[in-house]
Amino acid sequence: MGTLVWLRPTAAPAVPAGPSAAHVVAGGGINARPRRVSMASRCPNPRVLQAGRCRWLVARSGVTAAAAAADDPEDSSGLSDLQVASRIRGVFFYAVTAVVAIFLFIAMVVVHPLVLLFDRHRRRAQHYIAKIWATLTVSMFYKLEVEGMENLPPNSSPAVFVANHQSFLDIYTLLTLGRCFKFISKTSIFMLPIIGWAMYLLGVIPLRRMDSRSQLDCLKRCVDLVKKGASVFFFPEGTRSKDGKLGIFKRGAFSVAAKTGVPVIPITLLGTGKLMPPGMESNLNSDTLLLHGYGVH
């Protein structure tokens with residue numbers, strides 16, 4: 001059985017599972033067949049994985065839309081109102097995440113000396129605070145239901161996590177899993193107040209995308225961290241998908257796994273791109289918006 005995370009708008013009435021939900025599924029075992037999953041990402045190189053240690057993790061959003069409604073001239077005025085509502089939800093989302101981040105960043109600063117002294121590589125205390133930040137932010141807008149967490153390796157076991165990338169919301173979803181993996185992020189993000197500083201305290205690995213030397217240094221740091229007991233996280237497509245389809249994987253994540261001998265934990269995220277589409281990070285769609293076809297074309 002897999003790990004399942006459902007995200008539903010808290011303000012919307014209860015809806016049945018499937019048409020308007022986002023969830024995460026993980027299966028255990030190399031021969032596992034995750035249930036309730038329409039798409040899964042397989043490791044392209046089975047030699048990377050140790051026999052019997054492959055695990056599955058799929059994050060899925062099953063939100064669908066009645067696209068025909070968006071083309072109905074009679075609904076044009078209502079659609080405009082829904083777009084405004086989406087923008088307002090986005091403003092509140094970022095306001096909440098910023099306020100929560102300020103208070104929790106202070107906590108991260110306070111515990112950081114102890115983290116460097118006793119847990120320099122995994123930084124479990126910092127990741128626990130980050131999980132609180134993501135959970136508090138998401139809970140204001142969505143309800144999460146997690147199923148199958150037992151299929152994920154414990155924080156004491158290093159691994160290489162990989163996932164497809166659809167939306168800015170992917171980071172929030174992944175942080176709620178409570179795993180101490182090190183993300184890789186553009187160096188420019190580290191300059192953002194509070195969020196960028198918190199990333200530094202978490203041990204997020206900086207990368208200059210078009211700099212081959214930076215890419216090499218990034219992979220070397222990932223290998224070093226895994227050998228010292230930490231886990232790392234890759235979006236192997238290298239960028240967010242515009243249409244929700246899985247792109248071609250780059251080899252970096254699997255190279256790290258092959259050099260260190262740790263398992264690869266595949267993750268598939270489905271539907272986060274419909275809630276907050278790429279290039280529309282100022283908007284946060286709700287169930288109603290999606291049913292009217294906004295934000296899904």
# chains A, B, ... in the order shown; residues from 1 in each chain; ligands from 1

call {"tool": "closest_atom_pairs", "arguments": {"of": "segment 133-183 of chain A", "to": "segment 231-237 of chain A", "cutoff": "8 Å", "atoms": "only C-alpha atoms", "output": "CSV"}}
result
residue,atom,partner,partner_atom,distance
A:Asn155,CA,A:Ser231,CA,7.8
A:Ser157,CA,A:Ser231,CA,7.7
A:Pro158,CA,A:Ser231,CA,4.6
A:Ala159,CA,A:Ser231,CA,4.9
A:Val160,CA,A:Val232,CA,5.2
A:Phe161,CA,A:Phe233,CA,4.6
A:Val162,CA,A:Phe234,CA,4.8
A:Ala163,CA,A:Phe235,CA,5.2
A:Asn164,CA,A:Phe235,CA,5.7
A:His165,CA,A:Phe235,CA,6.1
A:Cys180,CA,A:Ser231,CA,6.5
A:Phe181,CA,A:Ser231,CA,4.5
A:Lys182,CA,A:Val232,CA,4.4
A:Phe183,CA,A:Phe233,CA,5.0

call {"tool": "write_last_selection", "arguments": {"atoms": "all heavy atoms", "output": "short mmCIF file (atom, residue, chain, number, x, y, z; two decimals), in the first residue's frame"}}
result
data_model
loop_
_atom_site.label_atom_id
_atom_site.label_comp_id
_atom_site.auth_asym_id
_atom_site.auth_seq_id
_atom_site.Cartn_x
_atom_site.Cartn_y
_atom_site.Cartn_z
N ASN A 155 14.56 8.73 8.88
CA ASN A 155 15.56 9.78 8.70
C ASN A 155 16.97 9.30 8.98
O ASN A 155 17.94 9.92 8.54
CB ASN A 155 15.22 10.98 9.59
CG ASN A 155 14.11 11.83 9.01
OD1 ASN A 155 14.01 11.99 7.79
ND2 ASN A 155 13.26 12.38 9.87
N SER A 157 18.25 6.64 7.82
CA SER A 157 18.73 5.90 6.65
C SER A 157 18.85 6.84 5.46
O SER A 157 17.83 7.32 4.94
CB SER A 157 17.78 4.75 6.31
OG SER A 157 17.70 3.83 7.37
N PRO A 158 20.06 7.14 5.00
CA PRO A 158 20.21 8.06 3.86
C PRO A 158 19.64 7.47 2.58
O PRO A 158 19.65 6.25 2.38
CB PRO A 158 21.73 8.24 3.77
CG PRO A 158 22.30 7.01 4.40
CD PRO A 158 21.35 6.64 5.50
N ALA A 159 19.13 8.34 1.72
CA ALA A 159 18.54 7.92 0.45
C ALA A 159 18.57 9.09 -0.51
O ALA A 159 18.81 10.24 -0.11
CB ALA A 159 17.11 7.42 0.66
N VAL A 160 18.33 8.80 -1.77
CA VAL A 160 18.18 9.83 -2.79
C VAL A 160 16.71 9.88 -3.17
O VAL A 160 16.17 8.91 -3.71
CB VAL A 160 19.05 9.55 -4.03
CG1 VAL A 160 18.75 10.57 -5.13
CG2 VAL A 160 20.52 9.58 -3.66
N PHE A 161 16.04 10.98 -2.87
CA PHE A 161 14.63 11.17 -3.21
C PHE A 161 14.54 11.90 -4.55
O PHE A 161 15.30 12.85 -4.80
CB PHE A 161 13.91 11.98 -2.14
CG PHE A 161 13.75 11.28 -0.82
CD1 PHE A 161 14.80 11.20 0.07
CD2 PHE A 161 12.54 10.70 -0.46
CE1 PHE A 161 14.66 10.56 1.30
CE2 PHE A 161 12.38 10.05 0.75
CZ PHE A 161 13.44 9.98 1.63
N VAL A 162 13.64 11.48 -5.40
CA VAL A 162 13.42 12.16 -6.68
C VAL A 162 11.93 12.35 -6.90
O VAL A 162 11.11 11.56 -6.43
CB VAL A 162 14.03 11.38 -7.87
CG1 VAL A 162 15.53 11.29 -7.75
CG2 VAL A 162 13.42 9.99 -7.98
N ALA A 163 11.57 13.42 -7.61
CA ALA A 163 10.15 13.68 -7.91
C ALA A 163 10.03 14.52 -9.16
O ALA A 163 10.95 15.25 -9.53
CB ALA A 163 9.48 14.39 -6.74
N ASN A 164 8.87 14.42 -9.80
CA ASN A 164 8.57 15.35 -10.88
C ASN A 164 8.21 16.70 -10.25
O ASN A 164 7.99 16.81 -9.06
CB ASN A 164 7.43 14.83 -11.75
CG ASN A 164 6.13 14.72 -10.99
OD1 ASN A 164 6.09 14.26 -9.85
ND2 ASN A 164 5.03 15.12 -11.61
N HIS A 165 8.18 17.73 -11.08
CA HIS A 165 8.01 19.09 -10.55
C HIS A 165 6.93 19.79 -11.35
O HIS A 165 7.05 19.96 -12.56
CB HIS A 165 9.34 19.83 -10.69
CG HIS A 165 9.47 21.04 -9.80
ND1 HIS A 165 8.58 21.34 -8.81
CD2 HIS A 165 10.42 22.02 -9.77
CE1 HIS A 165 8.96 22.45 -8.19
NE2 HIS A 165 10.07 22.88 -8.76
N CYS A 180 14.17 14.36 6.29
CA CYS A 180 15.29 15.32 6.34
C CYS A 180 16.14 15.26 5.08
O CYS A 180 17.35 15.00 5.14
CB CYS A 180 16.15 15.06 7.58
SG CYS A 180 15.26 15.22 9.14
N PHE A 181 15.53 15.46 3.92
CA PHE A 181 16.32 15.48 2.70
C PHE A 181 16.71 16.91 2.36
O PHE A 181 16.02 17.87 2.67
CB PHE A 181 15.59 14.82 1.52
CG PHE A 181 14.11 15.09 1.45
CD1 PHE A 181 13.61 16.36 1.27
CD2 PHE A 181 13.21 14.03 1.54
CE1 PHE A 181 12.26 16.60 1.18
CE2 PHE A 181 11.85 14.24 1.45
CZ PHE A 181 11.37 15.53 1.27
N LYS A 182 17.86 17.03 1.71
CA LYS A 182 18.40 18.33 1.32
C LYS A 182 17.96 18.66 -0.10
O LYS A 182 18.30 17.96 -1.05
CB LYS A 182 19.93 18.34 1.40
CG LYS A 182 20.49 17.86 2.72
CD LYS A 182 20.00 18.70 3.88
CE LYS A 182 20.54 18.17 5.20
NZ LYS A 182 19.94 18.85 6.36
N PHE A 183 17.19 19.73 -0.22
CA PHE A 183 16.79 20.19 -1.55
C PHE A 183 17.98 20.84 -2.26
O PHE A 183 18.95 21.25 -1.63
CB PHE A 183 15.67 21.22 -1.44
CG PHE A 183 14.33 20.65 -1.09
CD1 PHE A 183 13.84 20.74 0.21
CD2 PHE A 183 13.56 20.01 -2.04
CE1 PHE A 183 12.60 20.22 0.55
CE2 PHE A 183 12.31 19.48 -1.71
CZ PHE A 183 11.84 19.59 -0.42
#

call {"tool": "select_by_dssp", "arguments": {"residues": "segment 104-225 of chain A", "states": "helix (DSSP H, G or I)", "output": "count of residues only"}}
result
68

call {"tool": "select_by_dssp", "arguments": {"residues": "segment 97-238 of chain A", "states": "strand (DSSP E or B)", "output": "PyMOL selection string"}}
result
chain A and resi 142-143+160-163+181-182+184-186+205-207+231-234

call {"tool": "write_last_selection", "arguments": {"atoms": "N, CA and C atoms", "output": "compact mmCIF listing (two decimals), in the first residue's frame"}}
result
# COMPACT_ATOMS: atom_id res chain seq x y z
N TYR A 142 -5.84 23.82 2.88
CA TYR A 142 -6.11 22.45 2.47
C TYR A 142 -6.00 21.50 3.66
N LYS A 143 -6.69 20.37 3.54
CA LYS A 143 -6.58 19.31 4.52
C LYS A 143 -5.73 18.19 3.93
N VAL A 160 18.33 8.80 -1.77
CA VAL A 160 18.18 9.83 -2.79
C VAL A 160 16.71 9.88 -3.17
N PHE A 161 16.04 10.98 -2.87
CA PHE A 161 14.63 11.17 -3.21
C PHE A 161 14.54 11.90 -4.55
N VAL A 162 13.64 11.48 -5.40
CA VAL A 162 13.42 12.16 -6.68
C VAL A 162 11.93 12.35 -6.90
N ALA A 163 11.57 13.42 -7.61
CA ALA A 163 10.15 13.68 -7.91
C ALA A 163 10.03 14.52 -9.16
N PHE A 181 15.53 15.46 3.92
CA PHE A 181 16.32 15.48 2.70
C PHE A 181 16.71 16.91 2.36
N LYS A 182 17.86 17.03 1.71
CA LYS A 182 18.40 18.33 1.32
C LYS A 182 17.96 18.66 -0.10
N ILE A 184 17.85 20.96 -3.56
CA ILE A 184 18.79 21.74 -4.38
C ILE A 184 18.02 22.94 -4.91
N SER A 185 18.60 24.13 -4.76
CA SER A 185 17.87 25.34 -5.14
C SER A 185 18.77 26.33 -5.85
N LYS A 186 18.17 27.16 -6.69
CA LYS A 186 18.91 28.23 -7.35
C LYS A 186 19.53 29.17 -6.32
N ILE A 205 21.13 22.93 -0.74
CA ILE A 205 22.33 22.98 -1.57
C ILE A 205 22.15 23.98 -2.71
N PRO A 206 23.02 25.00 -2.80
CA PRO A 206 22.87 26.01 -3.85
C PRO A 206 23.37 25.50 -5.20
N LEU A 207 22.76 26.02 -6.27
CA LEU A 207 23.14 25.63 -7.63
C LEU A 207 22.93 26.78 -8.58
N SER A 231 20.13 12.59 3.62
CA SER A 231 19.43 12.30 2.37
C SER A 231 19.40 13.55 1.51
N VAL A 232 19.31 13.36 0.21
CA VAL A 232 19.23 14.49 -0.72
C VAL A 232 18.00 14.32 -1.60
N PHE A 233 17.55 15.44 -2.16
CA PHE A 233 16.33 15.45 -2.97
C PHE A 233 16.60 16.14 -4.30
N PHE A 234 16.14 15.50 -5.37
CA PHE A 234 16.28 16.05 -6.72
C PHE A 234 14.93 16.15 -7.41

call {"tool": "closest_residue", "arguments": {"among": "A:Val84, A:Ala198, A:Val256, A:Ile171", "to": "Cys218 of chain A", "atoms": "only C-alpha atoms"}}
result
A:Val256

call {"tool": "closest_residue", "arguments": {"among": "A:Leu192, A:Tyr172, A:Thr187, A:Arg123", "to": "Leu225 of chain A", "atoms": "only C-alpha atoms"}}
result
A:Arg123

call {"tool": "atom_distance", "arguments": {"atom1": "atom CA of Asp170 of chain A", "atom2": "atom CA of Gly203 of chain A"}}
result
18.4 Å

call {"tool": "closest_residue", "arguments": {"among": "A:Ile88, A:Ile189, A:Ile106, A:Leu219", "to": "Arg251 of chain A", "atoms": "only C-alpha atoms"}}
result
A:Leu219

call {"tool": "closest_residue", "arguments": {"among": "A:Trp133, A:Phe141, A:Tyr128, A:Phe118", "to": "Ala98 of chain A", "atoms": "only C-alpha atoms"}}
result
A:Trp133

call {"tool": "closest_residue", "arguments": {"among": "A:Met280, A:Val226, A:Val264, A:Met191", "to": "Lys242 of chain A", "atoms": "only C-alpha atoms"}}
result
A:Met280

call {"tool": "closest_residue", "arguments": {"among": "A:Arg122, A:Arg87, A:Arg240, A:His127", "to": "Phe105 of chain A", "atoms": "only C-alpha atoms"}}
result
A:His127

call {"tool": "atom_distance", "arguments": {"atom1": "atom CA of Ile195 of chain A", "atom2": "atom CA of Ala101 of chain A"}}
result
7.1 Å

call {"tool": "decode", "arguments": {"residues": "segment 268-279 of chain A", "atoms": "all heavy atoms", "output": "PDB file, in the first residue's frame"}}
result
ATOM      1  N   THR A 268       6.008  10.874  -7.251  1.00  0.00           N
ATOM      2  CA  THR A 268       5.257  11.520  -8.335  1.00  0.00           C
ATOM      3  C   THR A 268       4.261  12.498  -7.741  1.00  0.00           C
ATOM      4  O   THR A 268       3.474  12.122  -6.881  1.00  0.00           O
ATOM      5  CB  THR A 268       4.499  10.484  -9.187  1.00  0.00           C
ATOM      6  OG1 THR A 268       5.441   9.568  -9.743  1.00  0.00           O
ATOM      7  CG2 THR A 268       3.746  11.169 -10.312  1.00  0.00           C
ATOM      8  N   LEU A 269       4.312  13.728  -8.185  1.00  0.00           N
ATOM      9  CA  LEU A 269       3.385  14.769  -7.736  1.00  0.00           C
ATOM     10  C   LEU A 269       2.385  15.033  -8.856  1.00  0.00           C
ATOM     11  O   LEU A 269       2.773  15.366  -9.976  1.00  0.00           O
ATOM     12  CB  LEU A 269       4.144  16.051  -7.403  1.00  0.00           C
ATOM     13  CG  LEU A 269       5.147  15.957  -6.250  1.00  0.00           C
ATOM     14  CD1 LEU A 269       6.074  17.158  -6.251  1.00  0.00           C
ATOM     15  CD2 LEU A 269       4.443  15.839  -4.925  1.00  0.00           C
ATOM     16  N   LEU A 270       1.127  14.880  -8.541  1.00  0.00           N
ATOM     17  CA  LEU A 270       0.072  15.085  -9.533  1.00  0.00           C
ATOM     18  C   LEU A 270      -0.935  16.121  -9.032  1.00  0.00           C
ATOM     19  O   LEU A 270      -1.430  16.008  -7.926  1.00  0.00           O
ATOM     20  CB  LEU A 270      -0.677  13.779  -9.808  1.00  0.00           C
ATOM     21  CG  LEU A 270       0.159  12.581 -10.280  1.00  0.00           C
ATOM     22  CD1 LEU A 270      -0.723  11.349 -10.415  1.00  0.00           C
ATOM     23  CD2 LEU A 270       0.840  12.892 -11.588  1.00  0.00           C
ATOM     24  N   GLY A 271      -1.198  17.127  -9.835  1.00  0.00           N
ATOM     25  CA  GLY A 271      -2.271  18.055  -9.527  1.00  0.00           C
ATOM     26  C   GLY A 271      -1.882  19.345  -8.850  1.00  0.00           C
ATOM     27  O   GLY A 271      -2.662  20.291  -8.839  1.00  0.00           O
ATOM     28  N   THR A 272      -0.688  19.410  -8.260  1.00  0.00           N
ATOM     29  CA  THR A 272      -0.286  20.666  -7.626  1.00  0.00           C
ATOM     30  C   THR A 272      -0.192  21.778  -8.668  1.00  0.00           C
ATOM     31  O   THR A 272      -0.419  22.949  -8.362  1.00  0.00           O
ATOM     32  CB  THR A 272       1.064  20.501  -6.910  1.00  0.00           C
ATOM     33  OG1 THR A 272       2.006  19.899  -7.812  1.00  0.00           O
ATOM     34  CG2 THR A 272       0.938  19.642  -5.673  1.00  0.00           C
ATOM     35  N   GLY A 273       0.134  21.382  -9.902  1.00  0.00           N
ATOM     36  CA  GLY A 273       0.198  22.367 -10.973  1.00  0.00           C
ATOM     37  C   GLY A 273      -1.147  22.933 -11.348  1.00  0.00           C
ATOM     38  O   GLY A 273      -1.229  23.993 -11.973  1.00  0.00           O
ATOM     39  N   LYS A 274      -2.221  22.247 -10.989  1.00  0.00           N
ATOM     40  CA  LYS A 274      -3.561  22.774 -11.241  1.00  0.00           C
ATOM     41  C   LYS A 274      -3.987  23.720 -10.123  1.00  0.00           C
ATOM     42  O   LYS A 274      -4.753  24.658 -10.351  1.00  0.00           O
ATOM     43  CB  LYS A 274      -4.551  21.619 -11.372  1.00  0.00           C
ATOM     44  CG  LYS A 274      -4.287  20.733 -12.581  1.00  0.00           C
ATOM     45  CD  LYS A 274      -5.279  19.586 -12.667  1.00  0.00           C
ATOM     46  CE  LYS A 274      -5.005  18.699 -13.865  1.00  0.00           C
ATOM     47  NZ  LYS A 274      -5.940  17.558 -13.951  1.00  0.00           N
ATOM     48  N   LEU A 275      -3.510  23.453  -8.918  1.00  0.00           N
ATOM     49  CA  LEU A 275      -3.837  24.345  -7.809  1.00  0.00           C
ATOM     50  C   LEU A 275      -3.063  25.659  -7.905  1.00  0.00           C
ATOM     51  O   LEU A 275      -3.602  26.725  -7.637  1.00  0.00           O
ATOM     52  CB  LEU A 275      -3.516  23.649  -6.481  1.00  0.00           C
ATOM     53  CG  LEU A 275      -4.329  22.398  -6.169  1.00  0.00           C
ATOM     54  CD1 LEU A 275      -3.805  21.722  -4.907  1.00  0.00           C
ATOM     55  CD2 LEU A 275      -5.799  22.740  -6.013  1.00  0.00           C
ATOM     56  N   MET A 276      -1.791  25.561  -8.291  1.00  0.00           N
ATOM     57  CA  MET A 276      -0.973  26.754  -8.506  1.00  0.00           C
ATOM     58  C   MET A 276      -0.133  26.507  -9.758  1.00  0.00           C
ATOM     59  O   MET A 276       0.985  25.992  -9.684  1.00  0.00           O
ATOM     60  CB  MET A 276      -0.076  27.048  -7.306  1.00  0.00           C
ATOM     61  CG  MET A 276       0.718  28.343  -7.421  1.00  0.00           C
ATOM     62  SD  MET A 276       1.714  28.705  -5.948  1.00  0.00           S
ATOM     63  CE  MET A 276       0.434  29.253  -4.809  1.00  0.00           C
ATOM     64  N   PRO A 277      -0.665  26.861 -10.934  1.00  0.00           N
ATOM     65  CA  PRO A 277       0.003  26.546 -12.196  1.00  0.00           C
ATOM     66  C   PRO A 277       1.356  27.239 -12.328  1.00  0.00           C
ATOM     67  O   PRO A 277       1.559  28.334 -11.789  1.00  0.00           O
ATOM     68  CB  PRO A 277      -0.982  27.065 -13.251  1.00  0.00           C
ATOM     69  CG  PRO A 277      -2.304  27.145 -12.550  1.00  0.00           C
ATOM     70  CD  PRO A 277      -1.979  27.491 -11.133  1.00  0.00           C
ATOM     71  N   PRO A 278       2.304  26.630 -13.032  1.00  0.00           N
ATOM     72  CA  PRO A 278       3.592  27.270 -13.301  1.00  0.00           C
ATOM     73  C   PRO A 278       3.399  28.604 -14.007  1.00  0.00           C
ATOM     74  O   PRO A 278       2.588  28.708 -14.925  1.00  0.00           O
ATOM     75  CB  PRO A 278       4.312  26.258 -14.201  1.00  0.00           C
ATOM     76  CG  PRO A 278       3.642  24.954 -13.923  1.00  0.00           C
ATOM     77  CD  PRO A 278       2.211  25.274 -13.619  1.00  0.00           C
ATOM     78  N   GLY A 279       4.115  29.621 -13.553  1.00  0.00           N
ATOM     79  CA  GLY A 279       3.973  30.945 -14.132  1.00  0.00           C
ATOM     80  C   GLY A 279       2.808  31.742 -13.586  1.00  0.00           C
ATOM     81  O   GLY A 279       2.615  32.902 -13.948  1.00  0.00           O
TER      82      GLY A 279
END
